[in-house]
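Student: Structure in structure tokens, see below.
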Protein chains: 2
Amino acid sequence: MPRKVREQQIIDVAVGIFAKRGYHAASVDEIAELAGISKPMVYLYLDSKEGLFLACLRREAERLVAAFQEAARGAGAAPELRLYAGLSAFFAFVTAHRDSWVVLHRQASELSEAIAAAVAEARRAVMAEVAGLIRDGITESGRGARLGGQDADFVAHALVGAADSLTDWMEHHPGQSPEAVTLRLMNMVWVGMRDVLDGEAWLPEG
Amino acid sequence: MPRKVREQQIIDVAVGIFAKRGYHAASVDEIAELAGISKPMVYLYLDSKEGLFLACLRREAERLVAAFQEAARGAGAAPELRLYAGLSAFFAFVTAHRDSWVVLHRQASELSEAIAAAVAEARRAVMAEVAGLIRDGITESGRGARLGGQDADFVAHALVGAADSLTDWMEHHPGQSPEAVTLRLMNMVWVGMRDVLDGEAWLPEG
């Protein structure tokens, strides 16, 4: 069996074990056994427990970003429809791949410098995708002079943070479909965004 | 010096060290030395390194929730003004108490069951405050029949997640005041919420 295929098999098992037991309690012995491969072979391929975890992090982050990108690209030209499709794909992914989400989101960025850097990089990739769609929305609204890249980045942070937190919410509301959650989030955020793009401003004076 | 005062001094030092070094690398020796107290005394008062960390988590969570509550209560009757005041207080707190935020947010909930439970409890307390303000907004809008407690909880999760994520954003934009960040978030979220409360719905068909 080619090395690439073997590696993916090991990572498949490892994502499940890391999600279930956490980084510290996860054992490479158990991962090797479940993957049907010897422990020295796991170390030969992935270098160390940390190397194995980093491979899991990177693969799951790539899959999540790819799901978002593909859905957004396939959704036509309107930025809000692309954002809707991307967010739908995000919520569908985290619902279908619970273990990936736990590895990406719940594990400590404190574990090591390398892991913290990989987590930060994964987040930057998601943020860049979302910020790109917001920027398109700003450009197409004709408000480009008043709102710029920093605004897009601000909105992207708010949206990604909201999506993270709503993934926890979904865990306690298993009856809610990814589409329903996306629609509620779009209603909460996009309707306001559109009004802001149209020049409406909220001030504490009312 | 009374025990209560001593404990607070130890916690003051410990929050700084845990934030700076992370849970694993933090040393009780260093904390004891900086607090000007013997290590056995630290263990006598706070039981263990985990006990010390839990005391830090609980105290900083209480302070954060209290800052939000007090600001919201002092801001009059209109739910959106209370939400604005509460969010302002949140962003002002995390700006002024960077270490508290790192301890509350960045540390691994994987560290132990007790720490995970304390982190979850802190988050629940913040969520309950925010959800309460949203519920008031729904009630006062007269939309109580169509929108309910689940909607308030959904919006609270989205808002708290957005605020978490924007705290990271602020770290990279130190020129942005807590007030400016709050105003942008209110513009993004409240304008949309108000329209949704008014019965407007966004659908992917456009």
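Simple scheme: letters A, B, ... for chains in structure tokens order, numbers from 1 for residues in each chain, numbers from 1 for ligands in the order shown.
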If you run DSSP on the backbone here, which positions in segment 63-140 of chain B get helix (DSSP H, G or I)? Please write them as number ranges by chain.

Tutor: B: 63-73, 79-96, 98-106, 113-140

Student: For Leu46 of chain B, please output as a PyMOL selection string all residues within 8 Å (counting only C-alpha atoms; exclusion window: fewer than 5 positions along the same chain).

Tutor: chain B and resi 7+51-52+55

Student: Could you dump the residues just selected with C-alpha atoms as a compact mmCIF listing (two decimals), in the first residue's frame?

Tutor:
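Result file part.txt:
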```txt
# COMPACT_ATOMS: atom_id res chain seq x y z
CA GLU B 7 -5.61 34.63 48.74
CA GLY B 51 -6.95 24.60 42.67
CA LEU B 52 -4.99 27.81 42.18
CA ALA B 55 -9.56 30.10 41.74
```

Student: For Leu111 of chain B, which of B:Glu50, B:Tyr43, B:Gly36, B:Met186 is the closest residue, counting only C-alpha atoms?

Tutor: B:Glu50

Student: Please determine, counting only C-alpha atoms, which residue among A:Glu80, A:Asp12, A:Asp99, A:Glu60 has the shortest atom-to-atom distance to chain B.

Tutor: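 Between A:Glu80, A:Asp12, A:Asp99, A:Glu60, the residue approaching chain B most closely is A:Glu80.
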
Student: Compare A:Ala116, A:Cys56, A:Ala163, A:Ala180 by their minimum atom-to-atom distance to chain B, counting only C-alpha atoms, and give me the closest one.

Tutor: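 So, comparing all the options, the nearest one is A:Ala163.
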
Student: Rank B:Phe68, B:Phe93, B:Trp190, B:Tyr23 by their smallest atom-to-atom distance to Lys49 of chain B, using only C-alpha atoms, and report the top residue only.

Tutor: B:Tyr23

Student: Closest to Leu81 of chain B among A:Glu62, A:Leu203, A:Ser27, A:Pro40, using only C-alpha atoms?

Tutor: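 Closest to Leu81 of chain B of all the choices is A:Leu203.
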
Student: Calculated over only C-alpha atoms, which of the candidates A:Met188, A:Phe90, A:Lys39, A:Phe154 has the smallest distance to Gln176 of chain B?

Tutor: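 Residue with the minimum atom-to-atom distance to Gln176 of chain B: A:Phe154.
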
Student: Within 10 Å of Val160 of chain B, counting only C-alpha atoms, which residues qualify if same-chain residues fewer than 5 places away don't, as a PDB file with all heavy atoms, in the first residue's frame?

Tutor:
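Written file, around27.pdb:
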```pdb
ATOM      1  N   ALA A 158     -16.105  38.693  13.433  1.00  0.00           N
ATOM      2  CA  ALA A 158     -17.382  38.559  14.141  1.00  0.00           C
ATOM      3  C   ALA A 158     -18.143  37.327  13.639  1.00  0.00           C
ATOM      4  O   ALA A 158     -18.651  36.529  14.428  1.00  0.00           O
ATOM      5  CB  ALA A 158     -18.216  39.822  13.964  1.00  0.00           C
ATOM      6  N   GLY A 161     -16.360  33.996  14.616  1.00  0.00           N
ATOM      7  CA  GLY A 161     -16.567  33.773  16.053  1.00  0.00           C
ATOM      8  C   GLY A 161     -17.993  33.327  16.341  1.00  0.00           C
ATOM      9  O   GLY A 161     -18.224  32.409  17.132  1.00  0.00           O
ATOM     10  N   ALA A 162     -18.956  33.951  15.676  1.00  0.00           N
ATOM     11  CA  ALA A 162     -20.358  33.566  15.854  1.00  0.00           C
ATOM     12  C   ALA A 162     -20.572  32.117  15.393  1.00  0.00           C
ATOM     13  O   ALA A 162     -21.241  31.333  16.071  1.00  0.00           O
ATOM     14  CB  ALA A 162     -21.267  34.515  15.073  1.00  0.00           C
ATOM     15  N   SER A 165     -19.170  29.618  17.930  1.00  0.00           N
ATOM     16  CA  SER A 165     -20.000  29.539  19.124  1.00  0.00           C
ATOM     17  C   SER A 165     -21.319  28.817  18.818  1.00  0.00           C
ATOM     18  O   SER A 165     -21.823  28.033  19.631  1.00  0.00           O
ATOM     19  CB  SER A 165     -20.244  30.961  19.629  1.00  0.00           C
ATOM     20  OG  SER A 165     -21.040  30.975  20.771  1.00  0.00           O
ATOM     21  N   LEU A 166     -21.862  29.050  17.618  1.00  0.00           N
ATOM     22  CA  LEU A 166     -23.119  28.393  17.238  1.00  0.00           C
ATOM     23  C   LEU A 166     -22.927  26.900  17.002  1.00  0.00           C
ATOM     24  O   LEU A 166     -23.883  26.124  17.098  1.00  0.00           O
ATOM     25  CB  LEU A 166     -23.721  29.065  15.995  1.00  0.00           C
ATOM     26  CG  LEU A 166     -24.277  30.466  16.275  1.00  0.00           C
ATOM     27  CD1 LEU A 166     -24.658  31.164  14.966  1.00  0.00           C
ATOM     28  CD2 LEU A 166     -25.496  30.390  17.203  1.00  0.00           C
TER      29      LEU A 166
ATOM     30  N   LEU B  87     -21.806  45.303  26.295  1.00  0.00           N
ATOM     31  CA  LEU B  87     -20.732  44.951  25.352  1.00  0.00           C
ATOM     32  C   LEU B  87     -19.546  45.911  25.487  1.00  0.00           C
ATOM     33  O   LEU B  87     -18.388  45.495  25.437  1.00  0.00           O
ATOM     34  CB  LEU B  87     -21.254  44.954  23.914  1.00  0.00           C
ATOM     35  CG  LEU B  87     -22.176  43.790  23.521  1.00  0.00           C
ATOM     36  CD1 LEU B  87     -22.740  44.000  22.126  1.00  0.00           C
ATOM     37  CD2 LEU B  87     -21.444  42.447  23.591  1.00  0.00           C
ATOM     38  N   ARG B 123     -18.709  30.438  30.850  1.00  0.00           N
ATOM     39  CA  ARG B 123     -19.329  30.771  29.582  1.00  0.00           C
ATOM     40  C   ARG B 123     -20.853  30.808  29.714  1.00  0.00           C
ATOM     41  O   ARG B 123     -21.517  31.671  29.149  1.00  0.00           O
ATOM     42  CB  ARG B 123     -18.913  29.744  28.527  1.00  0.00           C
ATOM     43  CG  ARG B 123     -18.983  30.301  27.141  1.00  0.00           C
ATOM     44  CD  ARG B 123     -18.297  29.439  26.111  1.00  0.00           C
ATOM     45  NE  ARG B 123     -18.624  29.942  24.795  1.00  0.00           N
ATOM     46  CZ  ARG B 123     -18.045  30.982  24.236  1.00  0.00           C
ATOM     47  NH1 ARG B 123     -17.082  31.607  24.862  1.00  0.00           N
ATOM     48  NH2 ARG B 123     -18.435  31.400  23.047  1.00  0.00           N
ATOM     49  N   VAL B 126     -21.972  34.149  31.275  1.00  0.00           N
ATOM     50  CA  VAL B 126     -21.959  35.251  30.310  1.00  0.00           C
ATOM     51  C   VAL B 126     -23.146  35.108  29.346  1.00  0.00           C
ATOM     52  O   VAL B 126     -23.878  36.066  29.073  1.00  0.00           O
ATOM     53  CB  VAL B 126     -20.633  35.265  29.508  1.00  0.00           C
ATOM     54  CG1 VAL B 126     -20.697  36.286  28.384  1.00  0.00           C
ATOM     55  CG2 VAL B 126     -19.451  35.571  30.434  1.00  0.00           C
ATOM     56  N   MET B 127     -23.343  33.893  28.858  1.00  0.00           N
ATOM     57  CA  MET B 127     -24.408  33.616  27.890  1.00  0.00           C
ATOM     58  C   MET B 127     -25.782  33.958  28.478  1.00  0.00           C
ATOM     59  O   MET B 127     -26.638  34.508  27.796  1.00  0.00           O
ATOM     60  CB  MET B 127     -24.346  32.123  27.547  1.00  0.00           C
ATOM     61  CG  MET B 127     -24.605  31.781  26.130  1.00  0.00           C
ATOM     62  SD  MET B 127     -23.503  32.615  24.952  1.00  0.00           S
ATOM     63  CE  MET B 127     -22.329  31.332  24.577  1.00  0.00           C
ATOM     64  N   VAL B 130     -26.380  37.760  28.462  1.00  0.00           N
ATOM     65  CA  VAL B 130     -26.652  38.280  27.118  1.00  0.00           C
ATOM     66  C   VAL B 130     -28.025  37.814  26.637  1.00  0.00           C
ATOM     67  O   VAL B 130     -28.824  38.603  26.129  1.00  0.00           O
ATOM     68  CB  VAL B 130     -25.541  37.852  26.131  1.00  0.00           C
ATOM     69  CG1 VAL B 130     -25.862  38.323  24.717  1.00  0.00           C
ATOM     70  CG2 VAL B 130     -24.190  38.414  26.589  1.00  0.00           C
ATOM     71  N   ALA B 131     -28.323  36.528  26.848  1.00  0.00           N
ATOM     72  CA  ALA B 131     -29.618  35.986  26.412  1.00  0.00           C
ATOM     73  C   ALA B 131     -30.766  36.723  27.092  1.00  0.00           C
ATOM     74  O   ALA B 131     -31.815  36.973  26.476  1.00  0.00           O
ATOM     75  CB  ALA B 131     -29.689  34.485  26.687  1.00  0.00           C
ATOM     76  N   VAL B 155     -29.112  33.916  19.420  1.00  0.00           N
ATOM     77  CA  VAL B 155     -28.487  35.226  19.221  1.00  0.00           C
ATOM     78  C   VAL B 155     -27.374  35.451  20.254  1.00  0.00           C
ATOM     79  O   VAL B 155     -26.299  35.968  19.924  1.00  0.00           O
ATOM     80  CB  VAL B 155     -29.535  36.360  19.304  1.00  0.00           C
ATOM     81  CG1 VAL B 155     -28.870  37.723  19.246  1.00  0.00           C
ATOM     82  CG2 VAL B 155     -30.545  36.214  18.164  1.00  0.00           C
ATOM     83  N   SER B 165     -14.121  36.499  19.352  1.00  0.00           N
ATOM     84  CA  SER B 165     -13.272  36.565  18.165  1.00  0.00           C
ATOM     85  C   SER B 165     -12.760  37.991  17.933  1.00  0.00           C
ATOM     86  O   SER B 165     -11.614  38.204  17.544  1.00  0.00           O
ATOM     87  CB  SER B 165     -14.077  36.050  16.967  1.00  0.00           C
ATOM     88  OG  SER B 165     -13.324  36.067  15.798  1.00  0.00           O
ATOM     89  N   LEU B 166     -13.617  38.974  18.207  1.00  0.00           N
ATOM     90  CA  LEU B 166     -13.218  40.371  18.023  1.00  0.00           C
ATOM     91  C   LEU B 166     -12.182  40.806  19.065  1.00  0.00           C
ATOM     92  O   LEU B 166     -11.417  41.745  18.824  1.00  0.00           O
ATOM     93  CB  LEU B 166     -14.444  41.289  18.062  1.00  0.00           C
ATOM     94  CG  LEU B 166     -15.334  41.155  16.824  1.00  0.00           C
ATOM     95  CD1 LEU B 166     -16.646  41.915  17.024  1.00  0.00           C
ATOM     96  CD2 LEU B 166     -14.615  41.652  15.567  1.00  0.00           C
TER      97      LEU B 166
END
```

Student: At a cut-off of 9 Å, using only C-alpha atoms, what residues contact Ala67 of chain A? Leave out same-chain residues fewer than 2 positions from it and give the result as a PyMOL selection string.

Tutor: chain A and resi 62-65+69-72+86+89-90+93
